[in-house]
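Containing compact mmCIF, C-alpha atoms and all ligand atoms: coords.txt.
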```txt
# COMPACT_ATOMS: atom_id res chain seq x y z
CA MET F 633 76.93 186.59 177.47
CA THR F 634 76.92 188.14 174.06
CA ILE F 635 76.45 187.24 170.41
CA LEU F 636 78.38 188.32 167.33
CA VAL F 637 76.44 189.31 164.23
CA THR F 638 78.24 189.83 160.91
CA GLY F 639 76.61 192.10 158.33
CA GLY F 640 74.35 193.70 160.94
CA ALA F 641 74.19 197.04 159.10
CA GLY F 642 72.56 195.47 156.03
CA PHE F 643 68.89 194.72 155.46
CA ILE F 644 68.25 191.49 157.38
CA GLY F 645 71.11 192.05 159.83
CA THR F 646 69.66 195.43 160.86
CA ASN F 647 66.22 193.93 161.40
CA PHE F 648 67.78 191.05 163.37
CA VAL F 649 69.84 193.34 165.64
CA LEU F 650 66.88 195.67 166.33
CA ASP F 651 64.62 192.67 167.04
CA TRP F 652 67.25 190.99 169.20
CA LEU F 653 67.59 193.98 171.49
CA LYS F 654 63.80 194.31 171.75
CA ALA F 655 63.33 190.63 172.57
CA GLY F 656 65.94 190.37 175.38
CA ASP F 657 68.88 191.92 177.19
CA GLU F 658 71.79 190.03 175.73
CA PRO F 659 74.37 192.34 174.10
CA VAL F 660 75.25 192.09 170.42
CA VAL F 661 78.50 192.88 168.67
CA ASN F 662 77.93 193.95 165.09
CA LEU F 663 80.81 193.42 162.62
CA ASP F 664 80.19 195.03 159.24
CA LYS F 665 82.42 196.32 156.47
CA LEU F 666 79.88 199.01 155.51
CA THR F 667 79.83 198.32 151.79
CA TYR F 668 77.28 200.19 149.66
CA ALA F 669 74.64 197.89 151.26
CA GLY F 670 75.60 198.56 154.87
CA ASN F 671 74.30 201.71 156.51
CA LEU F 672 74.85 202.96 160.06
CA ARG F 673 71.79 205.17 159.73
CA ASN F 674 69.78 201.93 160.02
CA LEU F 675 71.06 201.58 163.58
CA GLN F 676 70.46 205.17 164.68
CA SER F 677 67.72 204.18 167.13
CA ILE F 678 70.26 202.10 169.13
CA ALA F 679 73.19 204.51 168.81
CA ASN F 680 73.18 205.09 172.59
CA ASP F 681 72.30 201.54 173.59
CA THR F 682 75.28 200.10 175.45
CA ARG F 683 74.18 196.56 174.56
CA HIS F 684 75.15 197.21 170.92
CA SER F 685 78.80 197.49 169.88
CA PHE F 686 79.61 198.27 166.28
CA VAL F 687 82.91 197.23 164.70
CA GLN F 688 83.72 198.24 161.13
CA GLY F 689 85.72 195.46 159.51
CA ASP F 690 86.00 192.99 156.65
CA ILE F 691 85.37 189.31 157.46
CA ALA F 692 87.73 188.33 154.63
CA GLU F 693 90.71 190.00 156.34
CA PRO F 694 92.46 187.20 158.25
CA ASP F 695 92.87 189.19 161.50
CA THR F 696 89.43 190.77 161.76
CA VAL F 697 87.19 187.98 163.10
CA PRO F 698 89.89 186.54 165.43
CA SER F 699 90.38 189.91 167.10
CA VAL F 700 86.61 190.50 167.53
CA LEU F 701 86.20 187.01 169.00
CA SER F 702 89.03 187.39 171.48
CA GLU F 703 87.86 190.84 172.55
CA HIS F 704 84.13 190.08 172.95
CA CYS F 705 84.00 186.30 173.68
CA PRO F 706 80.56 185.67 172.13
CA ARG F 707 78.55 182.50 172.76
CA ALA F 708 77.36 182.43 169.13
CA ILE F 709 77.95 183.93 165.69
CA VAL F 710 75.06 184.79 163.39
CA HIS F 711 76.62 185.20 159.96
CA PHE F 712 74.76 187.51 157.56
CA ALA F 713 77.69 189.37 155.95
CA ALA F 714 77.64 188.81 152.20
CA GLU F 715 77.38 190.34 148.77
CA THR F 716 73.74 189.64 147.98
CA HIS F 717 72.44 191.04 144.72
CA VAL F 718 72.19 188.61 141.78
CA ASP F 719 72.37 191.37 139.13
CA ARG F 720 75.55 192.78 140.68
CA SER F 721 77.04 189.27 140.72
CA ILE F 722 76.38 189.06 136.97
CA HIS F 723 78.15 192.38 136.32
CA GLY F 724 81.08 191.51 138.63
CA PRO F 725 81.41 188.23 140.58
CA GLN F 726 84.81 189.01 142.18
CA ASN F 727 83.46 190.60 145.39
CA PHE F 728 81.03 187.69 145.78
CA ILE F 729 83.85 185.17 145.81
CA GLN F 730 85.92 187.34 148.11
CA THR F 731 83.27 187.99 150.78
CA ASN F 732 80.95 185.00 150.48
CA VAL F 733 83.56 182.29 149.94
CA VAL F 734 86.87 183.63 151.29
CA GLY F 735 85.11 185.66 154.01
CA THR F 736 83.10 182.66 155.22
CA PHE F 737 86.24 180.52 155.17
CA ARG F 738 88.11 183.08 157.31
CA LEU F 739 85.16 183.27 159.68
CA LEU F 740 85.07 179.47 160.03
CA GLU F 741 88.82 179.31 160.69
CA ALA F 742 88.53 181.99 163.36
CA ALA F 743 85.45 180.34 164.90
CA LEU F 744 87.15 176.95 165.01
CA HIS F 745 90.25 178.32 166.71
CA TYR F 746 88.11 180.24 169.23
CA TRP F 747 85.75 177.32 169.87
CA ARG F 748 88.67 174.99 170.60
CA SER F 749 89.89 177.40 173.26
CA LEU F 750 86.58 177.38 175.18
CA GLU F 751 85.79 175.44 178.38
CA ASP F 752 83.65 172.32 177.87
CA ALA F 753 80.32 173.89 178.93
CA GLN F 754 80.81 176.91 176.66
CA LYS F 755 82.01 174.64 173.89
CA ASN F 756 78.79 172.65 174.01
CA ASP F 757 76.63 175.76 173.82
CA PHE F 758 78.60 177.60 171.12
CA ARG F 759 76.91 177.98 167.71
CA VAL F 760 77.73 179.37 164.27
CA LEU F 761 74.51 180.16 162.41
CA ASN F 762 75.16 180.50 158.68
CA VAL F 763 72.37 182.50 157.05
CA SER F 764 71.90 181.28 153.47
CA THR F 765 69.38 181.22 150.67
CA ASP F 766 66.92 179.04 148.74
CA GLU F 767 68.77 180.12 145.58
CA VAL F 768 71.37 177.39 146.18
CA PHE F 769 68.81 174.86 144.86
CA GLY F 770 68.56 176.61 141.51
CA SER F 771 65.39 176.85 139.48
CA LEU F 772 62.33 174.63 140.08
CA SER F 773 59.86 173.65 137.36
CA PRO F 774 56.19 174.58 137.78
CA ASP F 775 55.29 171.01 138.80
CA ASP F 776 58.19 170.38 141.19
CA ALA F 777 57.41 170.05 144.89
CA PRO F 778 58.95 172.84 146.99
CA ALA F 779 62.61 172.05 147.80
CA THR F 780 63.30 170.25 151.06
CA GLU F 781 66.58 170.46 152.95
CA GLU F 782 67.60 167.26 151.09
CA ASN F 783 67.35 168.71 147.57
CA ARG F 784 70.49 168.76 145.46
CA TYR F 785 72.36 172.07 145.30
CA ALA F 786 72.25 173.44 141.73
CA PRO F 787 73.13 177.16 141.87
CA ASN F 788 72.84 179.14 138.63
CA SER F 789 74.12 182.65 139.35
CA PRO F 790 77.54 183.74 140.62
CA TYR F 791 75.71 184.91 143.78
CA SER F 792 74.01 181.59 144.48
CA ALA F 793 77.17 179.66 143.54
CA SER F 794 79.18 181.69 146.05
CA LYS F 795 76.56 181.06 148.76
CA ALA F 796 76.53 177.35 147.90
CA ALA F 797 80.32 177.24 148.21
CA ALA F 798 80.08 178.90 151.61
CA ASP F 799 77.39 176.43 152.75
CA HIS F 800 79.60 173.50 151.72
CA LEU F 801 82.52 174.90 153.69
CA VAL F 802 80.26 175.38 156.71
CA ARG F 803 79.06 171.79 156.44
CA SER F 804 82.63 170.52 156.17
CA TYR F 805 83.66 172.27 159.41
CA PHE F 806 80.96 170.32 161.23
CA HIS F 807 81.83 166.95 159.72
CA THR F 808 85.59 167.37 159.84
CA TYR F 809 86.19 169.35 163.03
CA GLY F 810 82.91 169.09 164.95
CA LEU F 811 82.36 172.89 164.91
CA PRO F 812 78.69 173.34 165.97
CA VAL F 813 77.32 175.05 162.86
CA ILE F 814 73.76 175.33 161.59
CA THR F 815 72.75 176.58 158.13
CA THR F 816 69.41 178.19 157.37
CA LEU F 817 68.10 178.53 153.81
CA CYS F 818 65.60 181.32 153.46
CA SER F 819 63.36 182.51 150.64
CA ASN F 820 63.17 186.14 149.41
CA ASN F 821 62.78 188.63 152.26
CA TYR F 822 61.10 192.01 152.13
CA GLY F 823 60.49 194.76 154.69
CA PRO F 824 62.11 197.91 156.14
CA TYR F 825 65.76 198.84 155.41
CA GLN F 826 66.12 196.77 152.23
CA PHE F 827 68.45 198.47 149.77
CA PRO F 828 66.40 199.63 146.75
CA GLU F 829 68.23 197.47 144.23
CA LYS F 830 66.05 194.43 145.04
CA LEU F 831 62.63 193.97 143.46
CA ILE F 832 60.28 195.15 146.21
CA PRO F 833 62.05 198.31 147.43
CA LEU F 834 63.06 199.25 143.85
CA MET F 835 59.46 199.08 142.63
CA THR F 836 58.19 200.89 145.72
CA VAL F 837 60.65 203.74 145.32
CA ASN F 838 60.21 204.06 141.56
CA GLY F 839 56.43 203.85 141.87
CA SER F 840 56.36 206.48 144.61
CA ARG F 841 58.41 208.80 142.37
CA GLY F 842 56.31 208.17 139.26
CA GLN F 843 59.21 206.38 137.53
CA ALA F 844 59.17 203.29 135.30
CA LEU F 845 58.79 199.85 136.91
CA PRO F 846 61.19 197.56 134.99
CA ILE F 847 60.07 193.92 135.09
CA TYR F 848 62.55 191.43 133.63
CA GLY F 849 61.38 189.06 130.87
CA ASP F 850 57.71 188.07 131.00
CA GLY F 851 57.40 188.75 134.74
CA LYS F 852 56.16 185.24 135.46
CA ASN F 853 59.20 184.18 137.48
CA ILE F 854 58.12 182.97 140.90
CA ARG F 855 59.65 183.77 144.28
CA ASP F 856 58.42 182.76 147.75
CA TRP F 857 58.19 185.95 149.85
CA LEU F 858 58.79 186.22 153.59
CA TYR F 859 58.41 189.33 155.75
CA VAL F 860 61.81 190.02 157.34
CA ALA F 861 60.54 190.02 160.95
CA ASP F 862 59.38 186.43 160.44
CA HIS F 863 62.86 185.50 159.24
CA CYS F 864 64.33 187.07 162.40
CA THR F 865 61.98 185.07 164.63
CA ALA F 866 62.92 181.88 162.80
CA LEU F 867 66.64 182.62 163.23
CA ARG F 868 66.18 183.16 166.97
CA SER F 869 64.42 179.77 167.24
CA VAL F 870 67.17 178.05 165.27
CA LEU F 871 69.84 179.66 167.42
CA ASP F 872 68.00 178.56 170.59
CA ARG F 873 66.90 175.08 169.68
CA GLY F 874 68.26 174.07 166.27
CA ARG F 875 70.46 171.00 166.11
CA PRO F 876 74.15 171.45 165.20
CA GLY F 877 75.06 170.09 161.78
CA GLU F 878 71.49 170.53 160.52
CA VAL F 879 69.99 172.66 157.77
CA TYR F 880 66.61 174.41 158.19
CA ASN F 881 64.48 175.91 155.42
CA ILE F 882 62.67 179.15 156.26
CA ALA F 883 59.97 180.53 153.93
CA GLY F 884 56.61 182.21 153.77
CA ASN F 885 54.61 179.61 151.82
CA CYS F 886 53.81 182.55 149.61
CA GLU F 887 54.76 181.88 145.99
CA MET F 888 54.00 184.80 143.69
CA THR F 889 54.93 185.90 140.19
CA ASN F 890 56.88 189.14 139.87
CA VAL F 891 53.98 190.75 138.00
CA ASP F 892 51.65 189.98 140.90
CA VAL F 893 54.13 191.37 143.42
CA VAL F 894 54.57 194.61 141.46
CA THR F 895 50.83 194.96 140.91
CA GLN F 896 50.22 194.69 144.66
CA ILE F 897 52.88 197.30 145.37
CA CYS F 898 51.17 199.60 142.85
CA SER F 899 47.79 199.18 144.57
CA GLN F 900 49.30 199.94 147.98
CA LEU F 901 51.01 203.05 146.59
CA ASP F 902 47.78 204.24 144.95
CA ASP F 903 46.02 203.74 148.26
CA LEU F 904 48.65 205.18 150.62
CA SER F 905 49.96 208.08 148.55
CA SER F 906 47.26 209.01 146.08
CA GLY F 907 47.45 212.20 144.05
CA ASN F 908 51.26 212.42 144.02
CA ALA F 909 52.13 210.71 140.76
CA VAL F 910 50.79 208.76 137.83
CA GLU F 911 47.74 206.70 138.75
CA PRO F 912 47.10 203.91 138.51
CA ARG F 913 50.77 203.11 139.21
CA ARG F 914 50.55 199.83 137.30
CA ASP F 915 50.64 201.93 134.10
CA LEU F 916 54.31 202.51 134.94
CA ILE F 917 55.16 198.81 134.42
CA GLU F 918 57.63 198.20 131.57
CA PHE F 919 58.75 194.75 130.49
CA VAL F 920 62.51 194.93 129.89
CA SER F 921 65.10 192.43 128.68
CA ASP F 922 65.57 189.44 130.94
CA ARG F 923 68.28 188.75 133.50
CA PRO F 924 70.82 186.23 132.07
CA GLY F 925 70.30 182.79 133.62
CA HIS F 926 67.14 184.05 135.36
CA ASP F 927 65.82 181.30 137.68
CA ARG F 928 62.18 180.63 136.94
CA ARG F 929 60.92 179.49 140.30
CA TYR F 930 62.05 179.18 143.93
CA ALA F 931 59.94 177.42 146.55
CA LEU F 932 60.86 175.86 149.90
CA ALA F 933 59.18 173.23 152.07
CA THR F 934 59.13 174.35 155.70
CA ALA F 935 57.83 171.17 157.40
CA LYS F 936 61.13 170.60 159.25
CA ILE F 937 61.30 173.95 161.06
CA GLU F 938 57.56 173.82 161.79
CA ARG F 939 57.82 170.32 163.22
CA GLU F 940 61.10 170.65 165.15
CA LEU F 941 60.96 174.26 166.31
CA GLY F 942 57.27 175.16 166.03
CA TRP F 943 58.05 178.18 163.82
CA GLN F 944 55.50 179.64 161.41
CA PRO F 945 55.36 183.04 159.72
CA GLN F 946 52.97 185.55 161.31
CA GLU F 947 52.65 187.98 158.42
CA THR F 948 50.69 187.40 155.21
CA PHE F 949 51.89 189.06 151.99
CA ALA F 950 48.94 191.48 152.16
CA THR F 951 49.83 192.68 155.68
CA GLY F 952 53.59 192.59 155.14
CA ILE F 953 53.57 194.51 151.86
CA ARG F 954 51.35 197.22 153.30
CA LYS F 955 53.73 197.76 156.25
CA THR F 956 56.68 197.74 153.87
CA VAL F 957 55.29 200.27 151.39
CA LYS F 958 54.24 202.49 154.28
CA TRP F 959 57.73 202.28 155.79
CA TYR F 960 59.34 203.46 152.54
CA LEU F 961 56.86 206.31 152.19
CA ASP F 962 57.51 207.36 155.81
CA ASN F 963 61.31 207.22 155.53
CA GLN F 964 62.15 209.67 152.76
CA ALA F 965 65.38 210.88 154.39
CA TRP F 966 66.74 207.31 154.50
CA LEU F 967 65.70 206.80 150.89
CA ASP F 968 67.17 210.08 149.66
CA GLU F 969 70.48 209.14 151.25
CA VAL F 970 70.72 205.62 149.83
CA THR F 971 69.52 206.63 146.36
CA SER F 972 72.10 209.38 145.88
CA GLY F 973 75.63 209.05 144.49
CA GLN F 974 76.74 205.55 143.54
CA TYR F 975 73.20 204.26 143.37
CA ARG F 976 72.61 206.21 140.15
CA GLN F 977 75.66 204.60 138.57
CA TRP F 978 74.22 201.21 139.44
CA LEU F 979 70.89 202.09 137.78
CA ASP F 980 72.76 203.14 134.64
CA LEU F 981 74.85 199.98 134.57
CA ASN F 982 71.94 197.61 135.13
CA TYR F 983 68.99 199.28 133.37
CA ALA F 984 70.21 201.69 130.67
CA LYS F 985 70.91 198.96 128.09
CA ARG F 986 67.79 196.89 128.75
CA ALA F 987 65.42 197.06 125.80
P1 LIG L 1 72.54 193.13 152.39
O1 LIG L 1 73.24 193.17 151.09
O2 LIG L 1 71.42 194.07 152.65
O3 LIG L 1 73.61 193.36 153.58
C1 LIG L 1 74.84 192.72 153.62
C2 LIG L 1 75.67 193.35 154.75
O4 LIG L 1 76.94 192.67 154.80
C3 LIG L 1 75.97 194.84 154.53
O5 LIG L 1 75.76 195.56 155.73
C4 LIG L 1 77.44 194.86 154.14
O6 LIG L 1 78.10 196.05 154.52
C5 LIG L 1 77.96 193.65 154.90
N1 LIG L 1 79.18 193.10 154.29
C6 LIG L 1 79.39 192.82 152.97
N2 LIG L 1 80.63 192.34 152.78
C7 LIG L 1 81.21 192.29 154.01
C8 LIG L 1 82.50 191.88 154.47
N3 LIG L 1 83.43 191.43 153.62
N4 LIG L 1 82.75 191.94 155.80
C9 LIG L 1 81.82 192.40 156.67
N5 LIG L 1 80.60 192.84 156.28
C10 LIG L 1 80.30 192.78 154.97
O7 LIG L 1 72.10 191.63 152.58
P2 LIG L 1 70.78 191.00 153.24
O8 LIG L 1 69.69 191.01 152.23
O9 LIG L 1 70.56 191.61 154.56
O10 LIG L 1 71.24 189.48 153.41
C11 LIG L 1 71.90 189.05 154.60
C12 LIG L 1 72.22 187.57 154.46
O11 LIG L 1 71.01 186.84 154.27
C13 LIG L 1 73.12 187.24 153.28
O12 LIG L 1 74.04 186.25 153.67
C14 LIG L 1 72.16 186.71 152.22
O13 LIG L 1 72.79 185.80 151.37
C15 LIG L 1 71.11 186.04 153.10
N6 LIG L 1 69.77 185.96 152.52
C16 LIG L 1 69.16 187.08 152.05
C17 LIG L 1 67.86 186.99 151.53
C18 LIG L 1 67.12 188.22 151.04
O14 LIG L 1 66.03 188.07 150.49
N7 LIG L 1 67.63 189.41 151.22
C19 LIG L 1 67.20 185.76 151.48
C20 LIG L 1 67.86 184.62 151.97
C21 LIG L 1 69.16 184.74 152.49
P1 LIG L 2 65.64 190.24 143.41
O1 LIG L 2 64.94 191.13 144.37
O2 LIG L 2 66.90 190.73 142.77
O3 LIG L 2 65.91 188.87 144.19
P2 LIG L 2 66.44 187.45 143.62
O4 LIG L 2 66.88 187.59 142.22
O5 LIG L 2 67.60 187.19 144.53
O6 LIG L 2 65.30 186.50 143.79
O7 LIG L 2 64.63 189.83 142.27
C1 LIG L 2 63.41 189.20 142.55
C2 LIG L 2 62.74 188.89 141.23
O8 LIG L 2 62.40 190.12 140.59
C3 LIG L 2 63.64 188.14 140.25
O9 LIG L 2 62.83 187.22 139.53
C4 LIG L 2 64.16 189.21 139.33
C5 LIG L 2 63.01 190.21 139.29
N1 LIG L 2 63.38 191.63 139.08
C6 LIG L 2 62.78 192.38 138.08
O10 LIG L 2 61.91 191.86 137.32
N2 LIG L 2 63.13 193.67 137.90
C7 LIG L 2 64.08 194.27 138.67
O11 LIG L 2 64.38 195.48 138.45
C8 LIG L 2 64.68 193.52 139.72
C9 LIG L 2 65.73 194.12 140.62
C10 LIG L 2 64.31 192.19 139.90
```
In structure tokens, what does this structure look like?
Amino acid sequence: MTILVTGGAGFIGTNFVLDWLKAGDEPVVNLDKLTYAGNLRNLQSIANDTRHSFVQGDIAEPDTVPSVLSEHCPRAIVHFAAETHVDRSIHGPQNFIQTNVVGTFRLLEAALHYWRSLEDAQKNDFRVLNVSTDEVFGSLSPDDAPATEENRYAPNSPYSASKAAADHLVRSYFHTYGLPVITTLCSNNYGPYQFPEKLIPLMTVNGSRGQALPIYGDGKNIRDWLYVADHCTALRSVLDRGRPGEVYNIAGNCEMTNVDVVTQICSQLDDLSSGNAVEPRRDLIEFVSDRPGHDRRYALATAKIERELGWQPQETFATGIRKTVKWYLDNQAWLDEVTSGQYRQWLDLNYAKRA
């Protein structure tokens, strides 16, 4: 048996594939377009592992997923492939619609066709796991209870709107055609291999290099942080025992303001790499102009996955952030590679005009 992962050269996909091969023997086929966010260097440690097959391809191309399915005959698809950065979606939503909406639609069409061709036993066991985000619920007020799986979708950015559209399509393939899909909604992840455009790796890299730490607005926006390995464990449980047609929230019960997150990164950097740059690193914090439509607060209730699947996060923010900062400090070659070339153009586009 084998599983198909899409987007397995990105941040969470890489962690999932590496974890998967550690946890068992089942092979994994990894389909990834290798956009700026996908990186084969992430998968170097399994380059000679015959259980891992890499296919470079675009899920939005109509022939790509069908040909991977017919060649590898997986028992499940774990769908990570997406455009994922809110700020990039503000500067240019086109790719988000193309990959997240059209790409997910093509994947569902291919999965449906493939699933219908399976024998009854395989048909019963087949799963499509759609990996999505808490951002589909939009912004919560300070007094709102954390969102449950029943909350109304109210996406506010082109990114979250494209993920919401994909989730609705996924849902419709269950209700209309009976395709055994499950959607997971996860809070903000952090950990190794995250592209340094997102808050935690950006601040870690800038802080380690003695560069400014640009916090949007007043820095009091709240996110619920989850260490990526905990997300991977949750996804494995959902794949194993989740019920088709259901939605499961996954989160760390760890709501923090951006200022608090950045301050903790600064303390870890001061502790782990003292003497190399400006200290204390928190002096590098600069408040810059806000992100348009910036959601104030995300928070998710996780009672359903705890109750049904017995999943709980293992890492606290204190332990997870220390591992993460250490990983970035220990992986300079990876960082130098991903922060060269086009990355600089992105920094110019997103940060140069912020007051
Ligand atoms: P990422 O941006 O690090 O990686 C995305 C991967 O998808 C890259 O390897 C990229 O090359 C690949 N990809 C993009 N377009 C593709 C296409 N058309 N065809 C094939 N591959 C393509 O993203 P991530 O942070 O690892 O997120 C993975 C998934 O998890 C996404 O669906 C995202 O919405 C979801 N998610 C992320 C977070 C988070 O905090 N990072 C939280 C909740 C949910
Ligand atoms: P991000 O990592 O982009 O994730 P998301 O917007 O999907 O939650 O941002 C996390 C929070 O950090 C969000 O409130 C925006 C804020 N932020 C900054 O203040 N400065 C930055 O340079 C970045 C990238 C994000």
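Compared by their closest atoms to ligand LIG 1 (chain L), and using all atoms listed in the file, the residues F:Pro876, F:Gly884, F:Gly973, F:Gly942 rank with F:Gly884 nearest.
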Surroundings of ligand LIG 2 (chain L) up to 7 Å, based on only C-alpha atoms and all ligand atoms, as an mmCIF file with C-alpha atoms, in the coordinates of the input:
```cif
data_model
loop_
_atom_site.group_PDB
_atom_site.id
_atom_site.type_symbol
_atom_site.label_atom_id
_atom_site.label_comp_id
_atom_site.auth_asym_id
_atom_site.auth_seq_id
_atom_site.Cartn_x
_atom_site.Cartn_y
_atom_site.Cartn_z
ATOM 1 C CA HIS F 717 72.440 191.040 144.720
ATOM 2 C CA VAL F 718 72.190 188.610 141.780
ATOM 3 C CA ASP F 719 72.370 191.370 139.130
ATOM 4 C CA ASN F 820 63.170 186.140 149.410
ATOM 5 C CA GLU F 829 68.230 197.470 144.230
ATOM 6 C CA LYS F 830 66.050 194.430 145.040
ATOM 7 C CA LEU F 831 62.630 193.970 143.460
ATOM 8 C CA ILE F 832 60.280 195.150 146.210
ATOM 9 C CA LEU F 834 63.060 199.250 143.850
ATOM 10 C CA PRO F 846 61.190 197.560 134.990
ATOM 11 C CA ILE F 847 60.070 193.920 135.090
ATOM 12 C CA TYR F 848 62.550 191.430 133.630
ATOM 13 C CA GLY F 851 57.400 188.750 134.740
ATOM 14 C CA ASN F 853 59.200 184.180 137.480
ATOM 15 C CA ILE F 854 58.120 182.970 140.900
ATOM 16 C CA ARG F 855 59.650 183.770 144.280
ATOM 17 C CA ASN F 890 56.880 189.140 139.870
ATOM 18 C CA HIS F 926 67.140 184.050 135.360
ATOM 19 C CA ASP F 927 65.820 181.300 137.680
#
```
* Interatomic distance (Å, one decimal) between CA of Gly689 in chain F and atom C9 of ligand LIG 1 (chain L) -> 5.7 Å
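Distances to Arg954 in chain F were evaluated for F:Ser804, F:Ser677, F:Thr836, F:Gln974 using all atoms listed in the file, and the minimum falls at F:Thr836.
Distances here use only C-alpha atoms; by that measure, the residue among F:Asp776, F:Glu767, F:Asp850, F:Glu741 closest to Glu693 in chain F is F:Glu741.
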Using the file's own x, y and z axes, so that the box edges lie along x, y and z, what centre and edge lengths in Å (one decimal) does a box around every listed atom of ligand LIG 1 (chain L) get when 5 Å is added on each side? Give it as AutoDock Vina command-line options.
```
--center_x 74.7 --center_y 190.3 --center_z 153.6 --size_x 27.4 --size_y 21.4 --size_z 16.2
```
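With all atoms listed in the file as the atoms that count, the residue of F:Trp966, F:Tyr960, F:Trp857, F:Tyr825 with the shortest distance to Thr948 in chain F is F:Trp857.
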Go through range 700-816 of chain F and flag each residue having an atom no more than 12 Å from range 646-654 of chain F; for those, report the closest pair of atoms plus their distance in Å to one decimal, using all atoms listed in the file, ordered by chain and rising number, as CSV.
```
residue,atom,partner,partner_atom,distance
F:Val710,CA,F:Phe648,CA,9.6
F:His711,CA,F:Phe648,CA,11.1
F:Phe712,CA,F:Phe648,CA,9.7
F:Ala713,CA,F:Thr646,CA,11.2
F:Val763,CA,F:Phe648,CA,11.6
```
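With all atoms listed in the file as the atoms that count, the residue of F:Gly810, F:Pro945, F:Pro833, F:Pro706 with the shortest distance to ligand LIG 1 (chain L) is F:Pro833.
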* Within 12 Å of (84.8, 177.8, 147.5) (coordinates as in the file), grab all the protein and nucleic acid residues, counting all atoms listed in the file, and write them out as a ChimeraX atom specification. => /F:728-738,790,792-802,804
Any chance you can output those residues with C-alpha atoms as an mmCIF file, keeping the file's coordinate frame?
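As written to disk, result_26.cif reads:
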```cif
data_model
loop_
_atom_site.group_PDB
_atom_site.id
_atom_site.type_symbol
_atom_site.label_atom_id
_atom_site.label_comp_id
_atom_site.auth_asym_id
_atom_site.auth_seq_id
_atom_site.Cartn_x
_atom_site.Cartn_y
_atom_site.Cartn_z
ATOM 1 C CA PHE F 728 81.030 187.690 145.780
ATOM 2 C CA ILE F 729 83.850 185.170 145.810
ATOM 3 C CA GLN F 730 85.920 187.340 148.110
ATOM 4 C CA THR F 731 83.270 187.990 150.780
ATOM 5 C CA ASN F 732 80.950 185.000 150.480
ATOM 6 C CA VAL F 733 83.560 182.290 149.940
ATOM 7 C CA VAL F 734 86.870 183.630 151.290
ATOM 8 C CA GLY F 735 85.110 185.660 154.010
ATOM 9 C CA THR F 736 83.100 182.660 155.220
ATOM 10 C CA PHE F 737 86.240 180.520 155.170
ATOM 11 C CA ARG F 738 88.110 183.080 157.310
ATOM 12 C CA PRO F 790 77.540 183.740 140.620
ATOM 13 C CA SER F 792 74.010 181.590 144.480
ATOM 14 C CA ALA F 793 77.170 179.660 143.540
ATOM 15 C CA SER F 794 79.180 181.690 146.050
ATOM 16 C CA LYS F 795 76.560 181.060 148.760
ATOM 17 C CA ALA F 796 76.530 177.350 147.900
ATOM 18 C CA ALA F 797 80.320 177.240 148.210
ATOM 19 C CA ALA F 798 80.080 178.900 151.610
ATOM 20 C CA ASP F 799 77.390 176.430 152.750
ATOM 21 C CA HIS F 800 79.600 173.500 151.720
ATOM 22 C CA LEU F 801 82.520 174.900 153.690
ATOM 23 C CA VAL F 802 80.260 175.380 156.710
ATOM 24 C CA SER F 804 82.630 170.520 156.170
#
```
Within 7 Å of ligand LIG 1 (chain L), counting only C-alpha atoms and all ligand atoms, residues as a tab-separated table (two decimals) with C-alpha atoms, in the coordinates of the input:
```tsv
chain	number	residue	atom	x	y	z
F	638	THR	CA	78.24	189.83	160.91
F	639	GLY	CA	76.61	192.10	158.33
F	640	GLY	CA	74.35	193.70	160.94
F	641	ALA	CA	74.19	197.04	159.10
F	642	GLY	CA	72.56	195.47	156.03
F	643	PHE	CA	68.89	194.72	155.46
F	644	ILE	CA	68.25	191.49	157.38
F	645	GLY	CA	71.11	192.05	159.83
F	663	LEU	CA	80.81	193.42	162.62
F	664	ASP	CA	80.19	195.03	159.24
F	665	LYS	CA	82.42	196.32	156.47
F	666	LEU	CA	79.88	199.01	155.51
F	667	THR	CA	79.83	198.32	151.79
F	668	TYR	CA	77.28	200.19	149.66
F	669	ALA	CA	74.64	197.89	151.26
F	670	GLY	CA	75.60	198.56	154.87
F	671	ASN	CA	74.30	201.71	156.51
F	689	GLY	CA	85.72	195.46	159.51
F	690	ASP	CA	86.00	192.99	156.65
F	691	ILE	CA	85.37	189.31	157.46
F	692	ALA	CA	87.73	188.33	154.63
F	711	HIS	CA	76.62	185.20	159.96
F	712	PHE	CA	74.76	187.51	157.56
F	713	ALA	CA	77.69	189.37	155.95
F	714	ALA	CA	77.64	188.81	152.20
F	715	GLU	CA	77.38	190.34	148.77
F	716	THR	CA	73.74	189.64	147.98
F	717	HIS	CA	72.44	191.04	144.72
F	731	THR	CA	83.27	187.99	150.78
F	735	GLY	CA	85.11	185.66	154.01
F	763	VAL	CA	72.37	182.50	157.05
F	764	SER	CA	71.90	181.28	153.47
F	765	THR	CA	69.38	181.22	150.67
F	766	ASP	CA	66.92	179.04	148.74
F	795	LYS	CA	76.56	181.06	148.76
F	817	LEU	CA	68.10	178.53	153.81
F	818	CYS	CA	65.60	181.32	153.46
F	819	SER	CA	63.36	182.51	150.64
F	820	ASN	CA	63.17	186.14	149.41
F	821	ASN	CA	62.78	188.63	152.26
F	822	TYR	CA	61.10	192.01	152.13
F	826	GLN	CA	66.12	196.77	152.23
F	827	PHE	CA	68.45	198.47	149.77
```
* **Nearest to Val860 in chain F, chosen from F:Pro778, F:Gly952, F:Gly770, F:Pro812, with all atoms listed in the file counted in the distances** => F:Gly952
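Take CA of Val957 in chain F and CA of Leu901 in chain F: the distance between them is 7.0 Å.
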* **Distance query Ala965 in chain F at most 12 Å, all atoms listed in the file, self and fewer than 6 positions along chain excluded, as a PyMOL selection string** => chain F and resi 673-674+959+971-972
